[in-house]
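Structure data follow from my_file_26.tsv (TSV, C-alpha atoms):
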chain	number	residue	atom	x	y	z
A	6	MET	CA	116.14	106.81	92.96
A	7	VAL	CA	117.95	103.91	94.62
A	8	GLU	CA	121.20	105.88	94.73
A	9	THR	CA	119.38	108.86	96.24
A	10	GLY	CA	117.91	106.64	98.97
A	11	VAL	CA	121.31	105.13	99.76
A	12	LEU	CA	122.84	108.61	99.93
A	13	LYS	CA	120.14	109.84	102.33
A	14	GLU	CA	120.59	106.81	104.58
A	15	GLY	CA	124.36	107.34	104.59
A	16	LEU	CA	123.94	110.99	105.54
A	17	ARG	CA	121.51	110.05	108.32
A	18	LEU	CA	123.96	107.55	109.81
A	19	ALA	CA	126.83	110.01	109.54
A	20	ALA	CA	124.80	112.73	111.26
A	21	GLY	CA	123.97	110.35	114.13
A	22	TYR	CA	127.62	109.41	114.45
A	23	VAL	CA	128.66	113.07	114.69
A	24	ARG	CA	125.90	113.85	117.22
A	25	ARG	CA	126.98	110.98	119.47
A	26	SER	CA	130.61	112.08	119.24
A	27	LEU	CA	129.81	115.70	120.13
A	28	SER	CA	127.60	114.56	122.99
A	29	PHE	CA	130.42	112.39	124.38
A	30	LEU	CA	132.90	115.27	124.06
A	31	ARG	CA	130.52	117.62	125.87
A	32	GLU	CA	129.94	115.13	128.72
A	33	GLU	CA	133.66	114.45	129.14
A	34	THR	CA	134.40	118.19	129.20
A	35	VAL	CA	131.80	118.77	131.93
A	36	THR	CA	133.18	115.85	133.95
A	37	ALA	CA	136.74	117.15	133.64
A	38	LEU	CA	135.73	120.65	134.74
A	39	LYS	CA	133.83	119.34	137.75
A	40	PHE	CA	136.56	116.78	138.58
A	41	ASP	CA	133.87	114.84	140.39
A	42	HIS	CA	135.22	111.57	141.75
A	43	THR	CA	133.25	111.62	144.98
A	44	TRP	CA	131.41	108.70	146.51
A	45	LYS	CA	127.99	108.02	144.98
A	46	LEU	CA	125.28	105.73	146.28
A	47	GLU	CA	123.99	104.65	142.88
A	48	LYS	CA	124.44	104.85	139.13
A	49	PRO	CA	121.23	104.37	137.11
A	50	LEU	CA	121.79	102.01	134.17
A	51	PHE	CA	118.35	101.25	132.73
A	52	ASP	CA	114.73	102.17	133.32
A	53	PHE	CA	111.69	101.53	131.17
A	54	LYS	CA	109.49	104.58	131.60
A	55	GLU	CA	109.83	105.46	127.90
A	56	LEU	CA	108.80	103.06	125.17
A	57	GLN	CA	112.00	103.87	123.27
A	58	SER	CA	114.06	102.37	126.11
A	59	LEU	CA	112.59	98.93	125.38
A	60	GLU	CA	113.81	99.22	121.80
A	61	GLN	CA	117.37	99.17	123.15
A	62	TRP	CA	116.97	95.51	124.14
A	63	ILE	CA	117.12	92.28	122.13
A	64	VAL	CA	114.75	89.33	122.67
A	65	GLY	CA	115.63	85.76	121.78
A	66	CYS	CA	114.62	82.16	122.40
A	67	ASP	CA	115.11	78.69	120.92
A	68	ALA	CA	112.42	79.48	118.34
A	69	ASP	CA	115.15	81.46	116.54
A	70	ILE	CA	116.77	78.14	115.59
A	71	GLY	CA	113.61	76.08	115.15
A	72	GLY	CA	112.56	75.42	118.75
A	73	LEU	CA	109.01	75.64	120.10
A	74	SER	CA	109.37	78.26	122.87
A	75	GLU	CA	107.74	81.69	122.70
A	76	ALA	CA	109.13	84.94	124.15
A	77	TYR	CA	107.72	88.47	124.20
A	78	TRP	CA	108.89	91.88	125.41
A	79	GLY	CA	106.74	94.94	126.01
A	80	GLN	CA	105.79	97.86	128.23
A	81	THR	CA	103.08	97.65	130.87
A	82	PRO	CA	100.52	100.40	131.63
A	83	GLN	CA	102.59	101.08	134.78
A	84	LYS	CA	105.61	102.04	132.62
A	85	THR	CA	107.62	98.95	133.48
A	86	ALA	CA	109.04	96.33	131.11
A	87	LEU	CA	107.60	92.82	130.93
A	88	PHE	CA	109.40	89.76	129.54
A	89	TRP	CA	107.07	86.80	129.25
A	90	GLY	CA	106.32	83.69	127.26
A	91	THR	CA	106.34	79.89	127.35
A	92	LEU	CA	109.33	77.58	127.41
A	93	SER	CA	109.22	74.24	125.63
A	94	THR	CA	111.96	71.67	126.07
A	95	GLU	CA	110.53	69.55	123.27
A	96	VAL	CA	112.92	69.03	120.37
A	97	PRO	CA	111.06	69.17	117.04
A	98	PRO	CA	111.42	66.24	114.61
A	99	ASN	CA	114.42	66.48	112.28
A	100	ALA	CA	115.93	69.32	114.35
A	101	ASN	CA	119.67	69.84	114.09
A	102	PHE	CA	120.01	70.34	117.86
A	103	GLU	CA	119.65	67.95	120.80
A	104	ARG	CA	118.37	70.21	123.61
A	105	SER	CA	115.89	73.04	123.68
A	106	GLY	CA	114.12	75.37	126.08
A	107	TYR	CA	115.68	78.78	126.59
A	108	ALA	CA	114.72	82.45	126.35
A	109	GLY	CA	116.48	85.69	127.18
A	110	ILE	CA	116.78	89.43	126.76
A	111	ARG	CA	119.84	91.65	126.72
A	112	SER	CA	120.62	95.29	126.21
A	113	LYS	CA	122.07	96.40	122.89
A	114	GLU	CA	125.62	97.66	122.76
A	115	LYS	CA	125.82	101.43	122.55
A	116	PRO	CA	126.98	102.59	119.10
A	117	PHE	CA	130.46	103.93	118.32
A	118	THR	CA	131.41	107.58	118.54
A	119	LEU	CA	134.37	109.34	116.97
A	120	PHE	CA	136.25	109.09	120.26
A	121	HIS	CA	135.33	105.77	121.84
A	122	HIS	CA	133.03	102.75	122.04
A	123	PRO	CA	130.75	103.40	125.06
A	124	ARG	CA	130.86	100.90	127.90
A	125	ILE	CA	129.32	100.71	131.38
A	126	ASP	CA	131.79	101.39	134.19
A	127	THR	CA	130.69	99.85	137.51
A	128	SER	CA	134.14	99.77	139.14
A	129	MET	CA	133.15	102.27	141.87
A	130	TYR	CA	130.08	100.27	142.94
A	131	ARG	CA	129.62	97.09	145.00
A	132	TYR	CA	126.33	95.72	143.67
A	133	LEU	CA	124.23	95.27	140.57
A	134	ALA	CA	120.74	96.16	141.82
A	135	VAL	CA	117.59	95.01	140.02
A	136	ARG	CA	114.08	96.07	140.97
A	137	ALA	CA	111.89	93.35	139.53
A	138	LYS	CA	108.85	91.17	139.96
A	139	GLY	CA	109.66	87.58	139.07
A	140	ASP	CA	108.03	84.17	139.17
A	141	SER	CA	109.27	81.06	140.93
A	142	SER	CA	111.54	80.07	138.03
A	143	GLN	CA	115.32	80.05	138.26
A	144	TRP	CA	116.57	83.16	136.45
A	145	TYR	CA	120.06	84.29	135.53
A	146	VAL	CA	121.65	87.72	135.15
A	147	ASN	CA	124.22	87.88	132.36
A	148	LEU	CA	126.98	90.48	131.88
A	149	ARG	CA	129.18	90.71	128.81
A	150	THR	CA	132.44	92.64	128.73
A	151	ASP	CA	135.17	93.30	126.19
A	152	SER	CA	136.85	89.93	125.74
A	153	ILE	CA	138.90	88.07	123.16
A	154	TYR	CA	136.33	85.27	123.47
A	155	PRO	CA	132.84	86.37	122.37
A	156	SER	CA	131.25	83.41	124.18
A	157	TYR	CA	132.40	84.62	127.61
A	158	VAL	CA	129.50	85.67	129.85
A	159	TRP	CA	129.68	86.53	133.55
A	160	GLN	CA	126.61	85.08	135.20
A	161	HIS	CA	124.79	85.05	138.53
A	162	ARG	CA	121.52	83.51	139.68
A	163	LEU	CA	118.56	85.82	140.18
A	164	HIS	CA	116.40	84.33	142.91
A	165	PHE	CA	113.13	85.88	144.08
A	166	GLN	CA	112.15	85.31	147.69
A	167	ARG	CA	108.59	86.57	147.11
A	168	PRO	CA	107.47	85.52	143.61
A	169	GLY	CA	104.82	87.82	142.18
A	170	GLU	CA	105.87	90.78	144.37
A	171	TRP	CA	108.27	93.65	143.76
A	172	GLU	CA	111.76	93.06	145.14
A	173	THR	CA	115.07	94.89	144.92
A	174	VAL	CA	117.75	92.24	144.46
A	175	MET	CA	121.33	93.37	145.08
A	176	ILE	CA	124.01	91.09	143.63
A	177	PRO	CA	127.70	91.64	144.51
A	178	LEU	CA	129.48	92.34	141.23
A	179	ARG	CA	132.52	90.39	142.41
A	180	ASP	CA	130.38	87.24	142.74
A	181	PHE	CA	129.59	86.90	139.02
A	182	VAL	CA	131.01	83.67	137.58
A	183	LEU	CA	132.64	83.24	134.18
A	184	THR	CA	130.71	80.95	131.82
A	185	SER	CA	130.98	80.02	128.17
A	186	HIS	CA	128.12	78.51	126.14
A	187	GLY	CA	126.22	78.01	129.40
A	188	TYR	CA	128.99	76.14	131.24
A	189	VAL	CA	130.94	77.44	134.25
A	190	GLN	CA	134.61	77.70	133.33
A	191	GLN	CA	137.16	75.82	135.42
A	192	ARG	CA	139.65	78.64	135.07
A	193	GLN	CA	137.91	81.70	136.45
A	194	MET	CA	139.03	85.28	135.84
A	195	ALA	CA	137.90	88.57	137.29
A	196	MET	CA	135.32	90.49	135.29
A	197	ASP	CA	136.47	93.84	133.92
A	198	ARG	CA	133.87	95.99	135.64
A	199	THR	CA	134.98	99.08	133.72
A	200	ARG	CA	134.04	97.62	130.31
A	201	ILE	CA	130.58	96.05	130.58
A	202	LYS	CA	128.97	95.86	127.13
A	203	THR	CA	125.55	94.39	127.83
A	204	VAL	CA	123.24	93.38	130.67
A	205	GLY	CA	120.79	90.51	130.21
A	206	PHE	CA	118.41	88.03	131.81
A	207	SER	CA	117.74	84.42	130.82
A	208	ILE	CA	115.80	81.31	131.74
A	209	MET	CA	116.64	77.75	130.64
A	210	ARG	CA	115.09	74.28	130.53
A	211	GLN	CA	112.10	75.00	132.77
A	212	PRO	CA	109.04	74.14	130.65
A	213	GLY	CA	105.93	76.24	131.10
A	214	ASP	CA	104.94	79.89	131.32
A	215	PHE	CA	107.43	82.48	132.60
A	216	SER	CA	107.27	86.14	133.51
A	217	LEU	CA	109.82	88.76	134.57
A	218	GLU	CA	108.78	92.40	135.11
A	219	LEU	CA	111.53	95.03	135.39
A	220	ASP	CA	111.35	98.52	136.89
A	221	TRP	CA	115.01	99.60	136.86
A	222	ILE	CA	118.61	98.38	136.93
A	223	LYS	CA	121.36	100.25	138.78
A	224	ALA	CA	124.94	99.92	140.00
A	225	MET	CA	124.84	100.61	143.74
A	226	ASN	CA	126.82	101.03	146.92
A	227	THR	CA	125.57	100.97	150.47
A	228	PRO	CA	126.44	103.86	152.83
A	229	GLN	CA	129.33	101.69	154.05
A	230	THR	CA	130.85	100.69	150.68
A	231	ILE	CA	132.62	102.16	147.68
A	232	GLY	CA	133.20	99.43	145.14
A	233	ASP	CA	134.90	96.53	146.91
A	234	LEU	CA	136.19	98.80	149.68
A	235	ASP	CA	134.46	99.14	153.04
A	236	LEU	CA	134.07	102.66	154.38
A	237	VAL	CA	134.90	103.25	158.05
A	238	PRO	CA	132.98	106.08	159.75
A	239	HIS	CA	135.24	109.01	160.73
A	240	LYS	CA	134.59	108.64	164.49
A	241	GLN	CA	135.25	104.91	164.35
A	242	ALA	CA	138.52	105.51	162.51
A	243	LEU	CA	139.60	108.00	165.19
A	244	ASP	CA	138.68	105.57	167.97
A	245	GLN	CA	140.68	102.82	166.31
A	246	ALA	CA	143.69	105.11	165.91
A	247	GLN	CA	143.56	106.21	169.56
A	248	THR	CA	143.28	102.67	170.97
A	249	LYS	CA	145.95	101.22	168.73
A	250	THR	CA	149.00	100.56	170.91
A	251	THR	CA	150.94	97.90	169.02
A	252	PRO	CA	152.19	97.80	165.42
A	253	ALA	CA	150.37	95.60	162.95
A	254	VAL	CA	151.88	92.14	162.47
A	255	ALA	CA	151.67	90.57	159.02
A	256	GLU	CA	149.72	87.35	159.01
A	257	SER	CA	151.86	84.34	158.24
A	258	PRO	CA	151.00	82.33	155.13
A	259	SER	CA	150.34	79.25	157.21
A	260	SER	CA	147.61	80.98	159.23
A	261	ALA	CA	145.97	82.91	156.38
A	262	GLN	CA	142.53	81.69	155.44
A	263	PRO	CA	141.41	82.05	151.81
A	264	GLU	CA	138.24	84.00	151.25
A	265	LYS	CA	135.35	81.79	150.22
A	266	SER	CA	133.71	83.10	147.06
A	267	ALA	CA	130.00	82.75	146.41
A	268	GLN	CA	129.15	80.60	143.48

This entry written out as structure tokens:
Amino acid sequence: MVETGVLKEGLRLAAGYVRRSLSFLREETVTALKFDHTWKLEKPLFDFKELQSLEQWIVGCDADIGGLSEAYWGQTPQKTALFWGTLSTEVPPNANFERSGYAGIRSKEKPFTLFHHPRIDTSMYRYLAVRAKGDSSQWYVNLRTDSIYPSYVWQHRLHFQRPGEWETVMIPLRDFVLTSHGYVQQRQMAMDRTRIKTVGFSIMRQPGDFSLELDWIKAMNTPQTIGDLDLVPHKQALDQAQTKTTPAVAESPSSAQPEKSAQ
């Protein structure tokens, strides 16, 4: 009986693997036939209208290692996702750690197919957009990509101007900062926006109740952007071409001003 159960489970996993592979092949074939590389305003990444979509996320907090925080994840009657709980910075007696008080959620990695390991490609978009209702706590957005160092996380603050109300927060993808084990790295490197594995949210060392409600997450442009490029309206481009009377002069290194990056 045990062998029969193992065989059935193996067949179920194999069937899912084949289905995912055929689905990927079908999608890639359609994309190739359409040859659609046109500008798009947005790329939906996650929504929470279906209960099954919440099952594709992982919840964690310091209670996993013996801490006293509590964290919960569920769907609201309005078909949004709610992450809530209580943070405790108290370190229990005889604990094998010195600091406590964190909680977070992150999306699961998509499973392998026969042809590839699915990743999120945001290279053609300027912003990570989050429609959410947050509290007055300091939140963080966390992105993981393919990296030789599993601890590498690209992070950005998620600040709500109107706590308790719905807001759409648009974060420039180029402004995410490389961290490792919660610390900003001195040697920064650009995030590979074509190979994002997971998206997550976290809160740290702010004792008390917390709440973050999510409606959707998207990669987005504005009508004037495509990735990190700025689009110039056709008429404006013509006007610039007609009024241009002198050749462009390269800026000398001594007069060039470095771009200030947001931290």

Restricting to only C-alpha atoms, whichever of A:Gln229, A:Trp221, A:Val158, A:Pro98 is closest to Glu55 of chain A is A:Trp221

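If you measure from each of A:Gly72, A:Gly205, A:Pro82, A:Pro177 to Thr150 of chain A using all atoms listed in the file, the closest one turns out to be A:Gly205.
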
query: What separation in Å, quoted to one decimal, exists between atom CA of Asp126 of chain A and atom CA of Val237 of chain A?
result: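 One can read the atom CA of Asp126 of chain A to atom CA of Val237 of chain A distance as 24.1 Å.
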
message = So that I can see what lies close to segment 165-173 of chain A, please list as a list in words the residues with an atom at most 6 Å from it, counting only C-alpha atoms and leaving out residues fewer than 2 positions away in the same chain.
response =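 Skipping anything fewer than 2 positions along the chain leaves Val135, Arg136, Ala137, Lys138, Gly139, Asp140 and Ser141 of chain A.
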
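Minimum atom-to-atom distance to Ile222 of chain A, evaluated using only C-alpha atoms, belongs to A:Thr85 out of A:Thr184, A:Thr85, A:Thr91, A:Ser128.
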
| From the list A:Leu178, A:Leu163, A:Leu46, A:Val96, which residue is nearest Ile70 of chain A when using all atoms listed in the file? |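 The answer is A:Val96, which sits nearest to Ile70 of chain A.
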
* To do: Within 12 Å of Met129 of chain A, counting only C-alpha atoms, which residues show up once you throw out same-chain ones fewer than 6 positions away? Write them as a list in words, please.
  => His42, Thr43, Trp44, Lys45, Leu46, Glu47, Lys48, Leu178, Arg179, Arg198, Thr199, Ala224, Met225, Asn226, Thr227, Thr230, Ile231, Gly232, Asp233, Leu234 and Asp235 of chain A

Restricting to only C-alpha atoms, whichever of A:Gln61, A:Ser185, A:Gln193, A:Ser156 is closest to Lys113 of chain A is A:Gln61

| Hey, which of A:Ile201, A:Gly71, A:Trp144, A:Glu114 ends up closest to Phe88 of chain A? Count only C-alpha atoms. |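 The closest residue to Phe88 of chain A is A:Trp144.
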
Using 6 Å of padding on each side, determine the axis-aligned box around all atoms of segment 207-226 of chain A present in the file and give its centre and edge lengths in Å to one decimal, as lines of an AutoDock Vina configuration file.
center_x = 115.9
center_y = 87.6
center_z = 138.7
size_x = 33.9
size_y = 38.9
size_z = 28.4

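Taking atom CA of Arg111 of chain A and atom CA of Val146 of chain A as endpoints, the distance between them is 9.5 Å.
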
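Residues lying within 8 Å of Ile110 of chain A, counting all atoms listed in the file and ignoring same-chain neighbours fewer than 4 positions away, are Trp62, Ile63, Val64, Gly65, Phe88, Gly205, Phe206 and Ser207 of chain A.
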
Q) In Å to one decimal, how far is atom CA of His164 of chain A from atom CA of Gln191 of chain A? A)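 Distance between the two atoms: 23.7 Å.
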
- Selection near Ser142 of chain A, 8 Å with only C-alpha atoms, sequence-local residues under 3 positions removed, as a VMD selection string: chain A and resid 139 208 211 215

Write segment 67-78 of chain A as a tab-separated table (two decimals), keeping the file's coordinate frame, completed to all heavy atoms.
chain	number	residue	atom	x	y	z
A	67	ASP	N	114.73	79.80	121.80
A	67	ASP	CA	115.11	78.69	120.92
A	67	ASP	C	114.30	78.66	119.63
A	67	ASP	O	114.68	77.98	118.67
A	67	ASP	CB	115.00	77.36	121.66
A	67	ASP	CG	113.61	77.12	122.22
A	67	ASP	OD1	112.65	76.96	121.45
A	67	ASP	OD2	113.48	77.12	123.46
A	68	ALA	N	113.19	79.41	119.58
A	68	ALA	CA	112.42	79.48	118.34
A	68	ALA	C	113.25	80.09	117.21
A	68	ALA	O	112.96	79.84	116.02
A	68	ALA	CB	111.14	80.31	118.55
A	69	ASP	N	114.29	80.86	117.56
A	69	ASP	CA	115.15	81.46	116.54
A	69	ASP	C	115.90	80.41	115.73
A	69	ASP	O	116.35	80.69	114.61
A	69	ASP	CB	116.15	82.41	117.20
A	69	ASP	CG	115.47	83.56	117.94
A	69	ASP	OD1	114.34	83.93	117.54
A	69	ASP	OD2	116.05	84.08	118.91
A	70	ILE	N	116.06	79.21	116.31
A	70	ILE	CA	116.77	78.14	115.59
A	70	ILE	C	115.86	76.95	115.33
A	70	ILE	O	116.34	75.84	115.05
A	70	ILE	CB	118.03	77.69	116.36
A	70	ILE	CG1	117.65	77.18	117.76
A	70	ILE	CG2	119.03	78.81	116.46
A	70	ILE	CD1	118.80	76.52	118.50
A	71	GLY	N	114.55	77.16	115.45
A	71	GLY	CA	113.61	76.08	115.15
A	71	GLY	C	112.95	75.45	116.34
A	71	GLY	O	112.20	74.46	116.19
A	72	GLY	N	113.19	75.97	117.55
A	72	GLY	CA	112.56	75.42	118.75
A	72	GLY	C	111.10	75.84	118.87
A	72	GLY	O	110.56	76.57	118.02
A	73	LEU	N	110.45	75.43	119.95
A	73	LEU	CA	109.01	75.64	120.10
A	73	LEU	C	108.66	76.64	121.21
A	73	LEU	O	107.48	76.84	121.51
A	73	LEU	CB	108.33	74.30	120.40
A	73	LEU	CG	108.54	73.22	119.34
A	73	LEU	CD1	107.88	71.91	119.77
A	73	LEU	CD2	107.98	73.66	117.99
A	74	SER	N	109.65	77.27	121.82
A	74	SER	CA	109.37	78.26	122.87
A	74	SER	C	108.87	79.56	122.27
A	74	SER	O	109.05	79.84	121.07
A	74	SER	CB	110.64	78.53	123.70
A	74	SER	OG	111.06	77.36	124.37
A	75	GLU	N	108.22	80.37	123.11
A	75	GLU	CA	107.74	81.69	122.70
A	75	GLU	C	108.22	82.71	123.73
A	75	GLU	O	108.20	82.45	124.94
A	75	GLU	CB	106.21	81.72	122.63
A	75	GLU	CG	105.63	80.76	121.60
A	75	GLU	CD	104.11	80.80	121.57
A	75	GLU	OE1	103.53	81.61	122.35
A	75	GLU	OE2	103.51	80.05	120.79
A	76	ALA	N	108.64	83.89	123.25
A	76	ALA	CA	109.13	84.94	124.15
A	76	ALA	C	108.68	86.29	123.63
A	76	ALA	O	108.73	86.55	122.42
A	76	ALA	CB	110.65	84.89	124.25
A	77	TYR	N	108.24	87.15	124.56
A	77	TYR	CA	107.72	88.47	124.20
A	77	TYR	C	108.29	89.52	125.14
A	77	TYR	O	108.68	89.24	126.28
A	77	TYR	CB	106.19	88.47	124.28
A	77	TYR	CG	105.55	87.37	123.47
A	77	TYR	CD1	105.18	86.17	124.07
A	77	TYR	CD2	105.35	87.52	122.09
A	77	TYR	CE1	104.60	85.15	123.33
A	77	TYR	CE2	104.78	86.50	121.35
A	77	TYR	CZ	104.40	85.32	121.97
A	77	TYR	OH	103.83	84.30	121.23
A	78	TRP	N	108.28	90.77	124.68
A	78	TRP	CA	108.89	91.88	125.41
A	78	TRP	C	108.07	93.13	125.14
A	78	TRP	O	107.83	93.49	123.99
A	78	TRP	CB	110.32	92.06	124.90
A	78	TRP	CG	111.13	93.22	125.38
A	78	TRP	CD1	111.64	94.24	124.63
A	78	TRP	CD2	111.60	93.47	126.72
A	78	TRP	NE1	112.38	95.10	125.38
A	78	TRP	CE2	112.38	94.65	126.69
A	78	TRP	CE3	111.44	92.81	127.93
A	78	TRP	CZ2	112.99	95.18	127.83
A	78	TRP	CZ3	112.04	93.35	129.06
A	78	TRP	CH2	112.80	94.51	129.00
